[in-house]
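Structure below is my_file07.cif: mmCIF, N, CA and C atoms.
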data_start
#
loop_
_atom_site.label_atom_id
_atom_site.label_comp_id
_atom_site.auth_asym_id
_atom_site.auth_seq_id
_atom_site.Cartn_x
_atom_site.Cartn_y
_atom_site.Cartn_z
N MET N 226 0.82 -1.20 0.00
CA MET N 226 0.00 0.00 0.00
C MET N 226 0.87 1.26 0.00
N ILE N 227 1.92 1.27 0.84
CA ILE N 227 2.81 2.43 0.91
C ILE N 227 3.55 2.60 -0.41
N VAL N 228 3.97 1.50 -1.01
CA VAL N 228 4.67 1.54 -2.30
C VAL N 228 3.75 2.12 -3.37
N MET N 229 2.50 1.74 -3.35
CA MET N 229 1.52 2.23 -4.32
C MET N 229 1.32 3.74 -4.15
N ARG N 230 1.21 4.22 -2.92
CA ARG N 230 1.06 5.66 -2.67
C ARG N 230 2.26 6.43 -3.16
N ARG N 231 3.46 5.90 -2.87
CA ARG N 231 4.68 6.58 -3.32
C ARG N 231 4.75 6.63 -4.84
N ALA N 232 4.36 5.55 -5.49
CA ALA N 232 4.38 5.51 -6.95
C ALA N 232 3.40 6.53 -7.52
N LEU N 233 2.20 6.61 -6.95
CA LEU N 233 1.22 7.59 -7.41
C LEU N 233 1.70 9.02 -7.18
N PHE N 234 2.30 9.25 -6.02
CA PHE N 234 2.85 10.57 -5.72
C PHE N 234 3.93 10.95 -6.72
N PHE N 235 4.83 10.00 -7.01
CA PHE N 235 5.90 10.22 -7.97
C PHE N 235 5.34 10.54 -9.35
N LEU N 236 4.33 9.79 -9.80
CA LEU N 236 3.71 10.03 -11.09
C LEU N 236 3.02 11.39 -11.14
N LEU N 237 2.39 11.78 -10.06
CA LEU N 237 1.76 13.09 -9.98
C LEU N 237 2.78 14.20 -10.12
N ILE N 238 3.91 14.08 -9.46
CA ILE N 238 4.97 15.09 -9.55
C ILE N 238 5.48 15.17 -10.98
N ILE N 239 5.74 14.04 -11.61
CA ILE N 239 6.22 14.03 -12.99
C ILE N 239 5.18 14.67 -13.92
N PHE N 240 3.91 14.35 -13.70
CA PHE N 240 2.86 14.94 -14.52
C PHE N 240 2.83 16.46 -14.38
N CYS N 241 2.93 16.96 -13.16
CA CYS N 241 2.90 18.40 -12.92
C CYS N 241 4.11 19.10 -13.55
N ILE N 242 5.27 18.48 -13.46
CA ILE N 242 6.48 19.07 -14.03
C ILE N 242 6.40 19.08 -15.55
N SER N 243 5.84 18.03 -16.14
CA SER N 243 5.80 17.93 -17.59
C SER N 243 4.75 18.84 -18.22
N CYS N 244 3.77 19.25 -17.47
CA CYS N 244 2.74 20.14 -18.00
C CYS N 244 3.26 21.56 -17.99
N LYS N 245 3.35 22.15 -19.18
CA LYS N 245 3.80 23.53 -19.29
C LYS N 245 2.65 24.36 -19.82
N SER N 246 2.30 25.39 -19.10
CA SER N 246 1.25 26.28 -19.55
C SER N 246 1.87 27.43 -20.33
N GLU N 247 1.48 27.57 -21.58
CA GLU N 247 1.97 28.68 -22.39
C GLU N 247 1.02 29.88 -22.27
N ALA N 248 -0.13 29.67 -21.67
CA ALA N 248 -1.08 30.76 -21.52
C ALA N 248 -0.63 31.67 -20.39
N PRO N 249 -0.86 32.96 -20.54
CA PRO N 249 -0.48 33.85 -19.46
C PRO N 249 -1.34 33.62 -18.23
N VAL N 250 -0.80 33.99 -17.10
CA VAL N 250 -1.52 33.87 -15.85
C VAL N 250 -2.72 34.81 -15.87
N GLU N 251 -3.86 34.29 -15.46
CA GLU N 251 -5.03 35.14 -15.36
C GLU N 251 -4.87 36.04 -14.14
N LEU N 252 -5.23 37.28 -14.28
CA LEU N 252 -5.14 38.20 -13.16
C LEU N 252 -6.15 37.79 -12.11
N VAL N 253 -5.72 37.81 -10.88
CA VAL N 253 -6.56 37.36 -9.78
C VAL N 253 -7.34 38.55 -9.23
N GLU N 254 -8.62 38.40 -9.14
CA GLU N 254 -9.46 39.44 -8.55
C GLU N 254 -9.47 39.24 -7.04
N ASP N 255 -9.24 40.32 -6.30
CA ASP N 255 -9.21 40.22 -4.84
C ASP N 255 -10.50 39.64 -4.27
N SER N 256 -11.62 39.90 -4.93
CA SER N 256 -12.89 39.41 -4.39
C SER N 256 -13.06 37.91 -4.58
N GLN N 257 -12.37 37.31 -5.57
CA GLN N 257 -12.54 35.89 -5.84
C GLN N 257 -11.56 35.01 -5.07
N GLU N 258 -10.36 35.51 -4.84
CA GLU N 258 -9.32 34.68 -4.27
C GLU N 258 -8.37 35.56 -3.47
N VAL N 259 -7.80 35.00 -2.44
CA VAL N 259 -6.84 35.74 -1.63
C VAL N 259 -5.50 35.78 -2.36
N VAL N 260 -4.97 36.98 -2.55
CA VAL N 260 -3.67 37.14 -3.19
C VAL N 260 -2.64 37.27 -2.07
N LEU N 261 -1.73 36.30 -2.00
CA LEU N 261 -0.70 36.34 -0.98
C LEU N 261 0.39 37.33 -1.37
N GLU N 262 0.96 37.96 -0.40
CA GLU N 262 2.07 38.88 -0.65
C GLU N 262 3.37 38.08 -0.71
N PRO N 263 4.28 38.46 -1.62
CA PRO N 263 5.58 37.79 -1.65
C PRO N 263 6.31 37.99 -0.33
N SER N 264 7.18 37.07 0.02
CA SER N 264 7.94 37.15 1.26
C SER N 264 8.94 38.29 1.21
N ASP N 265 9.38 38.73 2.38
CA ASP N 265 10.42 39.77 2.46
C ASP N 265 11.69 39.30 1.77
N GLU N 266 12.00 38.00 1.89
CA GLU N 266 13.18 37.44 1.24
C GLU N 266 13.09 37.62 -0.28
N PHE N 267 11.91 37.33 -0.85
CA PHE N 267 11.73 37.50 -2.30
C PHE N 267 11.84 38.97 -2.67
N LEU N 268 11.21 39.85 -1.91
CA LEU N 268 11.23 41.27 -2.25
C LEU N 268 12.65 41.85 -2.18
N THR N 269 13.46 41.36 -1.26
CA THR N 269 14.87 41.78 -1.19
C THR N 269 15.60 41.32 -2.44
N PHE N 270 15.37 40.06 -2.85
CA PHE N 270 15.94 39.55 -4.10
C PHE N 270 15.47 40.39 -5.28
N TYR N 271 14.18 40.66 -5.34
CA TYR N 271 13.56 41.40 -6.44
C TYR N 271 14.20 42.78 -6.60
N ASP N 272 14.40 43.48 -5.49
CA ASP N 272 15.03 44.80 -5.54
C ASP N 272 16.46 44.71 -6.05
N ARG N 273 17.22 43.74 -5.56
CA ARG N 273 18.61 43.58 -6.00
C ARG N 273 18.67 43.13 -7.46
N PHE N 274 17.73 42.31 -7.88
CA PHE N 274 17.66 41.82 -9.26
C PHE N 274 17.61 42.99 -10.24
N HIS N 275 16.89 44.04 -9.86
CA HIS N 275 16.74 45.20 -10.75
C HIS N 275 17.82 46.25 -10.56
N ALA N 276 18.54 46.21 -9.44
CA ALA N 276 19.56 47.23 -9.16
C ALA N 276 20.97 46.81 -9.59
N ASP N 277 21.21 45.50 -9.72
CA ASP N 277 22.55 44.97 -9.96
C ASP N 277 22.54 44.09 -11.21
N THR N 278 23.11 44.60 -12.30
CA THR N 278 23.11 43.90 -13.58
C THR N 278 23.77 42.53 -13.50
N VAL N 279 24.93 42.44 -12.86
CA VAL N 279 25.64 41.17 -12.73
C VAL N 279 24.79 40.17 -11.94
N PHE N 280 24.20 40.63 -10.84
CA PHE N 280 23.33 39.78 -10.03
C PHE N 280 22.16 39.28 -10.88
N GLN N 281 21.56 40.17 -11.67
CA GLN N 281 20.43 39.80 -12.51
C GLN N 281 20.82 38.68 -13.47
N LEU N 282 21.92 38.85 -14.18
CA LEU N 282 22.36 37.84 -15.14
C LEU N 282 22.70 36.51 -14.47
N ASP N 283 23.20 36.58 -13.25
CA ASP N 283 23.54 35.36 -12.51
C ASP N 283 22.31 34.65 -11.94
N HIS N 284 21.15 35.32 -11.95
CA HIS N 284 19.94 34.74 -11.38
C HIS N 284 18.83 34.57 -12.42
N ILE N 285 19.27 34.24 -13.64
CA ILE N 285 18.35 33.90 -14.73
C ILE N 285 18.77 32.53 -15.24
N VAL N 286 17.81 31.64 -15.40
CA VAL N 286 18.09 30.30 -15.90
C VAL N 286 18.11 30.35 -17.43
N PHE N 287 19.32 30.54 -18.00
CA PHE N 287 19.48 30.57 -19.45
C PHE N 287 19.76 29.17 -19.98
N PRO N 288 19.29 28.79 -21.15
CA PRO N 288 18.39 29.56 -21.99
C PRO N 288 17.01 29.63 -21.32
N LEU N 289 16.46 30.84 -21.29
CA LEU N 289 15.25 31.13 -20.54
C LEU N 289 14.02 30.92 -21.41
N GLN N 290 13.09 30.10 -20.93
CA GLN N 290 11.84 29.91 -21.66
C GLN N 290 11.03 31.18 -21.63
N GLY N 291 10.24 31.38 -22.69
CA GLY N 291 9.38 32.54 -22.70
C GLY N 291 8.79 32.81 -24.06
N LYS N 292 8.39 34.06 -24.24
CA LYS N 292 7.80 34.52 -25.50
C LYS N 292 8.35 35.89 -25.81
N PRO N 293 8.57 36.16 -27.09
CA PRO N 293 9.04 37.48 -27.48
C PRO N 293 7.89 38.48 -27.47
N ALA N 294 8.23 39.75 -27.61
CA ALA N 294 7.22 40.80 -27.66
C ALA N 294 6.34 40.62 -28.90
N THR N 295 5.13 41.11 -28.81
CA THR N 295 4.22 41.07 -29.94
C THR N 295 4.89 41.75 -31.12
N GLY N 296 4.87 41.08 -32.28
CA GLY N 296 5.44 41.65 -33.49
C GLY N 296 6.94 41.49 -33.63
N MET N 297 7.61 40.84 -32.68
CA MET N 297 9.05 40.67 -32.78
C MET N 297 9.40 39.71 -33.93
N PHE N 298 8.55 38.73 -34.17
CA PHE N 298 8.76 37.76 -35.24
C PHE N 298 7.47 37.61 -36.03
N GLU N 299 7.61 37.24 -37.29
CA GLU N 299 6.44 36.95 -38.11
C GLU N 299 5.89 35.58 -37.74
N GLY N 300 4.60 35.43 -37.76
CA GLY N 300 3.99 34.14 -37.50
C GLY N 300 3.99 33.76 -36.03
N GLU N 301 3.51 32.56 -35.78
CA GLU N 301 3.41 32.06 -34.41
C GLU N 301 4.75 31.49 -33.95
N VAL N 302 5.14 31.82 -32.74
CA VAL N 302 6.37 31.30 -32.16
C VAL N 302 5.98 30.25 -31.14
N LYS N 303 6.32 28.99 -31.42
CA LYS N 303 5.92 27.91 -30.52
C LYS N 303 6.94 27.69 -29.42
N GLU N 304 8.21 27.69 -29.77
CA GLU N 304 9.27 27.43 -28.79
C GLU N 304 10.26 28.57 -28.87
N PHE N 305 10.36 29.35 -27.82
CA PHE N 305 11.26 30.50 -27.82
C PHE N 305 12.07 30.49 -26.53
N LYS N 306 13.35 30.80 -26.65
CA LYS N 306 14.21 30.87 -25.47
C LYS N 306 15.07 32.12 -25.56
N TRP N 307 15.14 32.84 -24.45
CA TRP N 307 16.01 34.01 -24.34
C TRP N 307 17.42 33.51 -24.04
N THR N 308 18.43 34.20 -24.60
CA THR N 308 19.82 33.83 -24.35
C THR N 308 20.50 34.93 -23.54
N ARG N 309 21.58 34.57 -22.89
CA ARG N 309 22.36 35.52 -22.11
C ARG N 309 22.87 36.64 -23.02
N GLU N 310 23.32 36.27 -24.21
CA GLU N 310 23.88 37.24 -25.15
C GLU N 310 22.82 38.23 -25.65
N GLY N 311 21.60 37.79 -25.80
CA GLY N 311 20.54 38.65 -26.32
C GLY N 311 19.69 39.31 -25.25
N TRP N 312 20.08 39.16 -23.99
CA TRP N 312 19.25 39.64 -22.88
C TRP N 312 19.33 41.16 -22.75
N THR N 313 18.20 41.79 -22.57
CA THR N 313 18.13 43.21 -22.24
C THR N 313 17.85 43.30 -20.75
N VAL N 314 18.72 44.00 -20.03
CA VAL N 314 18.60 44.10 -18.57
C VAL N 314 17.26 44.73 -18.21
N HIS N 315 16.59 44.12 -17.24
CA HIS N 315 15.30 44.63 -16.78
C HIS N 315 15.51 45.66 -15.68
N LYS N 316 14.75 46.72 -15.76
CA LYS N 316 14.78 47.78 -14.76
C LYS N 316 13.58 47.61 -13.82
N ALA N 317 13.64 48.30 -12.71
CA ALA N 317 12.57 48.20 -11.70
C ALA N 317 11.27 48.78 -12.23
N PHE N 318 10.17 48.19 -11.78
CA PHE N 318 8.83 48.67 -12.09
C PHE N 318 8.62 50.01 -11.39
N LYS N 319 8.09 50.97 -12.11
CA LYS N 319 7.84 52.30 -11.53
C LYS N 319 6.45 52.32 -10.92
N GLU N 320 6.42 52.36 -9.61
CA GLU N 320 5.14 52.35 -8.87
C GLU N 320 4.25 53.55 -9.22
N ASP N 321 4.87 54.69 -9.54
CA ASP N 321 4.09 55.91 -9.80
C ASP N 321 3.57 56.00 -11.23
N ASP N 322 3.89 55.01 -12.06
CA ASP N 322 3.40 54.98 -13.44
C ASP N 322 1.95 54.53 -13.42
N ASP N 323 1.04 55.40 -13.87
CA ASP N 323 -0.37 55.02 -13.83
C ASP N 323 -0.84 54.33 -15.11
N THR N 324 0.07 54.08 -16.05
CA THR N 324 -0.28 53.37 -17.27
C THR N 324 -0.33 51.87 -17.03
N PHE N 325 0.60 51.37 -16.19
CA PHE N 325 0.70 49.94 -15.94
C PHE N 325 0.51 49.64 -14.46
N ASP N 326 -0.01 48.46 -14.19
CA ASP N 326 -0.15 47.94 -12.83
C ASP N 326 0.65 46.65 -12.73
N ARG N 327 0.95 46.27 -11.51
CA ARG N 327 1.70 45.04 -11.28
C ARG N 327 0.95 44.19 -10.27
N GLN N 328 1.02 42.88 -10.50
CA GLN N 328 0.43 41.94 -9.55
C GLN N 328 1.36 40.75 -9.40
N PHE N 329 1.58 40.35 -8.15
CA PHE N 329 2.32 39.13 -7.86
C PHE N 329 1.30 38.05 -7.52
N VAL N 330 1.49 36.88 -8.09
CA VAL N 330 0.66 35.73 -7.75
C VAL N 330 1.60 34.71 -7.11
N VAL N 331 1.37 34.44 -5.83
CA VAL N 331 2.21 33.49 -5.09
C VAL N 331 1.54 32.11 -5.21
N HIS N 332 2.13 31.26 -6.05
CA HIS N 332 1.59 29.91 -6.25
C HIS N 332 2.00 28.99 -5.11
N ALA N 333 3.20 29.21 -4.59
CA ALA N 333 3.78 28.45 -3.49
C ALA N 333 4.90 29.33 -2.94
N PRO N 334 5.40 29.05 -1.73
CA PRO N 334 6.48 29.88 -1.19
C PRO N 334 7.70 29.95 -2.12
N GLU N 335 7.87 28.95 -3.01
CA GLU N 335 9.03 28.89 -3.90
C GLU N 335 8.70 29.25 -5.34
N LEU N 336 7.48 29.69 -5.64
CA LEU N 336 7.09 29.99 -7.03
C LEU N 336 6.18 31.22 -7.06
N ILE N 337 6.65 32.26 -7.74
CA ILE N 337 5.90 33.52 -7.81
C ILE N 337 5.85 33.98 -9.26
N THR N 338 4.66 34.37 -9.70
CA THR N 338 4.49 34.96 -11.02
C THR N 338 4.22 36.45 -10.84
N GLU N 339 4.87 37.24 -11.66
CA GLU N 339 4.63 38.69 -11.69
C GLU N 339 4.02 39.02 -13.04
N VAL N 340 2.93 39.76 -13.01
CA VAL N 340 2.29 40.22 -14.24
C VAL N 340 2.24 41.75 -14.18
N ILE N 341 2.77 42.37 -15.22
CA ILE N 341 2.68 43.83 -15.36
C ILE N 341 1.75 44.05 -16.54
N TYR N 342 0.71 44.83 -16.34
CA TYR N 342 -0.32 44.93 -17.36
C TYR N 342 -0.93 46.33 -17.42
N SER N 343 -1.56 46.60 -18.57
CA SER N 343 -2.32 47.82 -18.76
C SER N 343 -3.74 47.42 -19.12
N ALA N 344 -4.64 47.63 -18.21
CA ALA N 344 -6.05 47.31 -18.47
C ALA N 344 -6.59 48.21 -19.58
N THR N 345 -6.10 49.43 -19.65
CA THR N 345 -6.55 50.40 -20.64
C THR N 345 -6.17 49.98 -22.06
N TYR N 346 -4.92 49.55 -22.25
CA TYR N 346 -4.42 49.26 -23.58
C TYR N 346 -4.37 47.77 -23.90
N GLY N 347 -4.57 46.92 -22.91
CA GLY N 347 -4.62 45.49 -23.14
C GLY N 347 -3.27 44.81 -23.31
N PHE N 348 -2.20 45.42 -22.82
CA PHE N 348 -0.87 44.82 -22.90
C PHE N 348 -0.50 44.20 -21.56
N TYR N 349 0.33 43.16 -21.63
CA TYR N 349 0.81 42.53 -20.39
C TYR N 349 2.19 41.96 -20.63
N MET N 350 2.91 41.73 -19.56
CA MET N 350 4.18 41.01 -19.58
C MET N 350 4.17 40.10 -18.36
N GLU N 351 4.81 38.96 -18.47
CA GLU N 351 4.79 37.99 -17.37
C GLU N 351 6.20 37.49 -17.08
N ARG N 352 6.52 37.40 -15.80
CA ARG N 352 7.78 36.80 -15.36
C ARG N 352 7.48 35.82 -14.25
N ARG N 353 8.19 34.68 -14.28
CA ARG N 353 8.03 33.68 -13.23
C ARG N 353 9.38 33.52 -12.52
N PHE N 354 9.31 33.53 -11.21
CA PHE N 354 10.49 33.38 -10.37
C PHE N 354 10.33 32.13 -9.53
N ALA N 355 11.42 31.39 -9.37
CA ALA N 355 11.40 30.18 -8.53
C ALA N 355 12.60 30.20 -7.60
N LYS N 356 12.39 29.69 -6.41
CA LYS N 356 13.49 29.54 -5.46
C LYS N 356 14.12 28.17 -5.71
N LEU N 357 15.35 28.19 -6.23
CA LEU N 357 16.09 26.97 -6.54
C LEU N 357 17.18 26.77 -5.50
N SER N 358 18.03 25.81 -5.72
CA SER N 358 19.08 25.50 -4.74
C SER N 358 20.02 26.66 -4.49
N ASP N 359 20.19 27.55 -5.49
CA ASP N 359 21.07 28.71 -5.32
C ASP N 359 20.32 30.01 -5.01
N GLY N 360 19.05 29.89 -4.64
CA GLY N 360 18.25 31.07 -4.30
C GLY N 360 17.23 31.35 -5.39
N TRP N 361 16.68 32.57 -5.38
CA TRP N 361 15.65 32.96 -6.33
C TRP N 361 16.24 33.17 -7.72
N ASN N 362 15.48 32.75 -8.74
CA ASN N 362 15.90 32.88 -10.13
C ASN N 362 14.70 33.19 -11.01
N LEU N 363 14.94 33.91 -12.09
CA LEU N 363 13.93 34.11 -13.12
C LEU N 363 13.93 32.86 -13.99
N ILE N 364 12.75 32.22 -14.14
CA ILE N 364 12.68 30.96 -14.87
C ILE N 364 11.81 31.06 -16.13
N TYR N 365 11.10 32.19 -16.32
CA TYR N 365 10.24 32.36 -17.50
C TYR N 365 10.01 33.85 -17.70
N PHE N 366 10.02 34.26 -18.98
CA PHE N 366 9.75 35.67 -19.29
C PHE N 366 8.99 35.78 -20.60
N ALA N 367 7.77 36.31 -20.54
CA ALA N 367 6.98 36.64 -21.72
C ALA N 367 7.00 38.16 -21.85
N ASP N 368 7.62 38.64 -22.92
CA ASP N 368 7.78 40.08 -23.13
C ASP N 368 6.42 40.72 -23.41
N MET N 369 6.38 42.03 -23.44
CA MET N 369 5.16 42.79 -23.60
C MET N 369 4.38 42.31 -24.82
N ALA N 370 3.12 41.96 -24.60
CA ALA N 370 2.27 41.44 -25.67
C ALA N 370 0.85 41.97 -25.50
N LYS N 371 0.12 41.93 -26.56
CA LYS N 371 -1.29 42.31 -26.53
C LYS N 371 -2.10 41.15 -26.01
N LYS N 372 -2.92 41.38 -25.02
CA LYS N 372 -3.78 40.34 -24.45
C LYS N 372 -4.84 39.96 -25.47
N GLU N 373 -4.91 38.67 -25.75
CA GLU N 373 -5.88 38.19 -26.76
C GLU N 373 -7.16 37.74 -26.14
#

Mind turning this structure into structure tokens?
Amino acid sequence: MIVMRRALFFLLIIFCISCKSEAPVELVEDSQEVVLEPSDEFLTFYDRFHADTVFQLDHIVFPLQGKPATGMFEGEVKEFKWTREGWTVHKAFKEDDDTFDRQFVVHAPELITEVIYSATYGFYMERRFAKLSDGWNLIYFADMAKKE
């Protein structure tokens, strides 16, 4: 019985890891679901990630899965990876910018999605961060795109 439970648990983990969602994260409405705040540890990482270029490059899992900006390539892009050589350093989100809003979705203490979006213009960008053995890292980046 214990062996069977372990086997099912193992298969469930493999299934979850193998499932990749290419769809952007749906924005969470405060009235429907509780949005957890990222930990102080993550926010400290997040601030340093945007302030220190070397630190940023060292905390990105290259080649980085993601999607290019709308119109960057002709046709549909099914498999896209960002490279260290082609990376444009990300700057901090400007809180006082009223064109875009930001939302963190805490899926688990070790997995956080950030969505920066404009409800007015229908654009969004998504980044996923995971706490790995060497600390927090950017593991996915979908550049600015028009919400479909």

#### Entry: the PyMOL selection byres ((chain N and resi 321-335) around 8) applied to the shown file, residues as a ChimeraX atom specification
/N:252-253,259-264,318-320,336-346,354-357,361

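If you look at atom N of Phe267 in chain N and atom C of Asn362 in chain N, they are 11.3 Å away from each other.
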
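Remark: for Lys316 in chain N, the closest of the candidate residues N:Asp359, N:Thr269, N:Met369, N:Asp277 is N:Asp277 (distances computed over only C-alpha atoms).
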
#### Entry: Explicit residues for the PyMOL selection byres ((chain N and resi 287-289) around 6.5) (as a PyMOL selection string)
chain N and resi 285-286+290-291+305-309+364-366

What's around Ala367 in chain N at 7 Å? Count all atoms listed in the file, leave out sequence neighbours fewer than 5 positions away in its own chain, and write the answer as a PDB file with N, CA and C atoms, in the coordinates of the input.
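Output below, filename out-v4.pdb:
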ATOM      1  N   GLN N 290      13.090  30.100 -20.930  1.00  0.00           N
ATOM      2  CA  GLN N 290      11.840  29.910 -21.660  1.00  0.00           C
ATOM      3  C   GLN N 290      11.030  31.180 -21.630  1.00  0.00           C
ATOM      4  N   GLY N 291      10.240  31.380 -22.690  1.00  0.00           N
ATOM      5  CA  GLY N 291       9.380  32.540 -22.700  1.00  0.00           C
ATOM      6  C   GLY N 291       8.790  32.810 -24.060  1.00  0.00           C
ATOM      7  N   LYS N 292       8.390  34.060 -24.240  1.00  0.00           N
ATOM      8  CA  LYS N 292       7.800  34.520 -25.500  1.00  0.00           C
ATOM      9  C   LYS N 292       8.350  35.890 -25.810  1.00  0.00           C
ATOM     10  N   PRO N 293       8.570  36.160 -27.090  1.00  0.00           N
ATOM     11  CA  PRO N 293       9.040  37.480 -27.480  1.00  0.00           C
ATOM     12  C   PRO N 293       7.890  38.480 -27.470  1.00  0.00           C
ATOM     13  N   ALA N 294       8.230  39.750 -27.610  1.00  0.00           N
ATOM     14  CA  ALA N 294       7.220  40.800 -27.660  1.00  0.00           C
ATOM     15  C   ALA N 294       6.340  40.620 -28.900  1.00  0.00           C
ATOM     16  N   TYR N 349       0.330  43.160 -21.630  1.00  0.00           N
ATOM     17  CA  TYR N 349       0.810  42.530 -20.390  1.00  0.00           C
ATOM     18  C   TYR N 349       2.190  41.960 -20.630  1.00  0.00           C
ATOM     19  N   MET N 350       2.910  41.730 -19.560  1.00  0.00           N
ATOM     20  CA  MET N 350       4.180  41.010 -19.580  1.00  0.00           C
ATOM     21  C   MET N 350       4.170  40.100 -18.360  1.00  0.00           C
ATOM     22  N   GLU N 351       4.810  38.960 -18.470  1.00  0.00           N
ATOM     23  CA  GLU N 351       4.790  37.990 -17.370  1.00  0.00           C
ATOM     24  C   GLU N 351       6.200  37.490 -17.080  1.00  0.00           C
ATOM     25  N   ARG N 352       6.520  37.400 -15.800  1.00  0.00           N
ATOM     26  CA  ARG N 352       7.780  36.800 -15.360  1.00  0.00           C
ATOM     27  C   ARG N 352       7.480  35.820 -14.250  1.00  0.00           C
ATOM     28  N   ARG N 353       8.190  34.680 -14.280  1.00  0.00           N
ATOM     29  CA  ARG N 353       8.030  33.680 -13.230  1.00  0.00           C
ATOM     30  C   ARG N 353       9.380  33.520 -12.520  1.00  0.00           C
TER      31      ARG N 353
END

### Query
By how many Å are CA of Ser358 in chain N and CA of His284 in chain N apart?
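Computed distance, CA of Ser358 in chain N to CA of His284 in chain N, equals 11.4 Å.
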
### Straight-line distance linking atom N of Ala317 in chain N with atom C of Leu363 in chain N, stated in Å to one decimal
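For atom N of Ala317 in chain N relative to atom C of Leu363 in chain N, the distance reads 15.5 Å.
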
### Task
Could you find all residues in range 302-367 of chain N that DSSP calls strand (DSSP E or B) from the backbone, and write them as a ChimeraX atom specification?
/N:305-307,326-333,336-343,348-357,360-367

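Nearest-residue note for Ala276 in chain N: choosing from N:His315, N:Gly360, N:Asp368, N:Phe348, the minimum distance belongs to N:His315, counting all atoms listed in the file.
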